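Comments concern the structure below.
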Amino acid sequence: MASEPARPLGRRERSKQRVRDRIYTSALTLFAEQGYDRTTIDQIAEHADVARGTFFNYFQRKEDLVTAWAEARKRRLELCMEESMKSRNDDVTVHLERCMAALAEFNESEREITAAMLQAWVKAGQPLLEEPYAGQVFANIIEAGRQRGEVAFDIDPMRVGNILRDSYLGLLYRWSQNPGGRVPLHIELREVLRIVLTGVLSYSQHGRGTPASPAPAATPLAPASQA
């Protein structure tokens, strides 16, 4: 049965949402400008033009802003991939590329905020506590491909999803700490995806991983299906 449409927010709810959004936006602005650790709740309240006590009506601790940021990322990714998965003509590779491209766009468009929030996220122990939503999104894509026969049926979708998630987070952390890096994040993520999908071993008529004739270093890897 179809779910009923959400009830429109009343005036009071809209007012409360605006205040919460103002506090949240002010916090992210200050985090990007001066860092998470050097930003105080008093500064956030002043920037948002609210009383200190008003802050605690919406966030119990400063760390809750980190959780709110992660949740906002989660919703954006889920909505993006829900739209992508509506296309029945695209294969698993296309959907995974879209997922990686969306993650890259989230971070590249807000690099200063990403760097500050990622440090805070790690310090708050969120990688150990957070539900692995990105891994689940990847796993859902792999499972859909498995059902269509595009992915080997003995592959565990959640295992692949977690591998992609862990690779993404590790790469994101290094990228955020190296603002002068020469390779854009979206290219790095696309390369990670290529390696996961094709593997790292060479293939030849002599067998998997067996040296054949010398080949140029830039020769692309053959698809895993040729193994």
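Going through the structure tokens in order, the chains are called A, B, and so on, while each chain numbers its residues from 1 and the ligands are numbered from 1 in the order shown.
By only C-alpha atoms, and with residues fewer than 4 positions from Arg148 of chain A along its chain excluded, the set lying at most 12 Å from it is Arg88, Asn89, Asp90, Asp91, Val92, Ile141, Ile142, Glu143, Ala144, Ala152 and Phe153 of chain A.
Across the model, the gap from atom CA of Asn107 of chain A to atom CA of Leu164 of chain A is 16.5 Å.
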**Request:** Could you pull out the residues in chain A that DSSP calls helix (DSSP H, G or I) from the backbone, as a VMD selection string?
**Result:** chain A and resid 11 to 34 41 to 48 52 to 58 63 to 84 92 to 108 111 to 123 126 to 129 133 to 147 157 to 176 185 to 198 224 to 226
**Request:** Extract, using only C-alpha atoms, all DNA, RNA and protein residues at most 12 Å from Ala51 of chain A, discarding same-chain residues fewer than 5 positions from it, and format them as a ChimeraX atom specification.
**Result:** /A:19,23,41-46,56-58
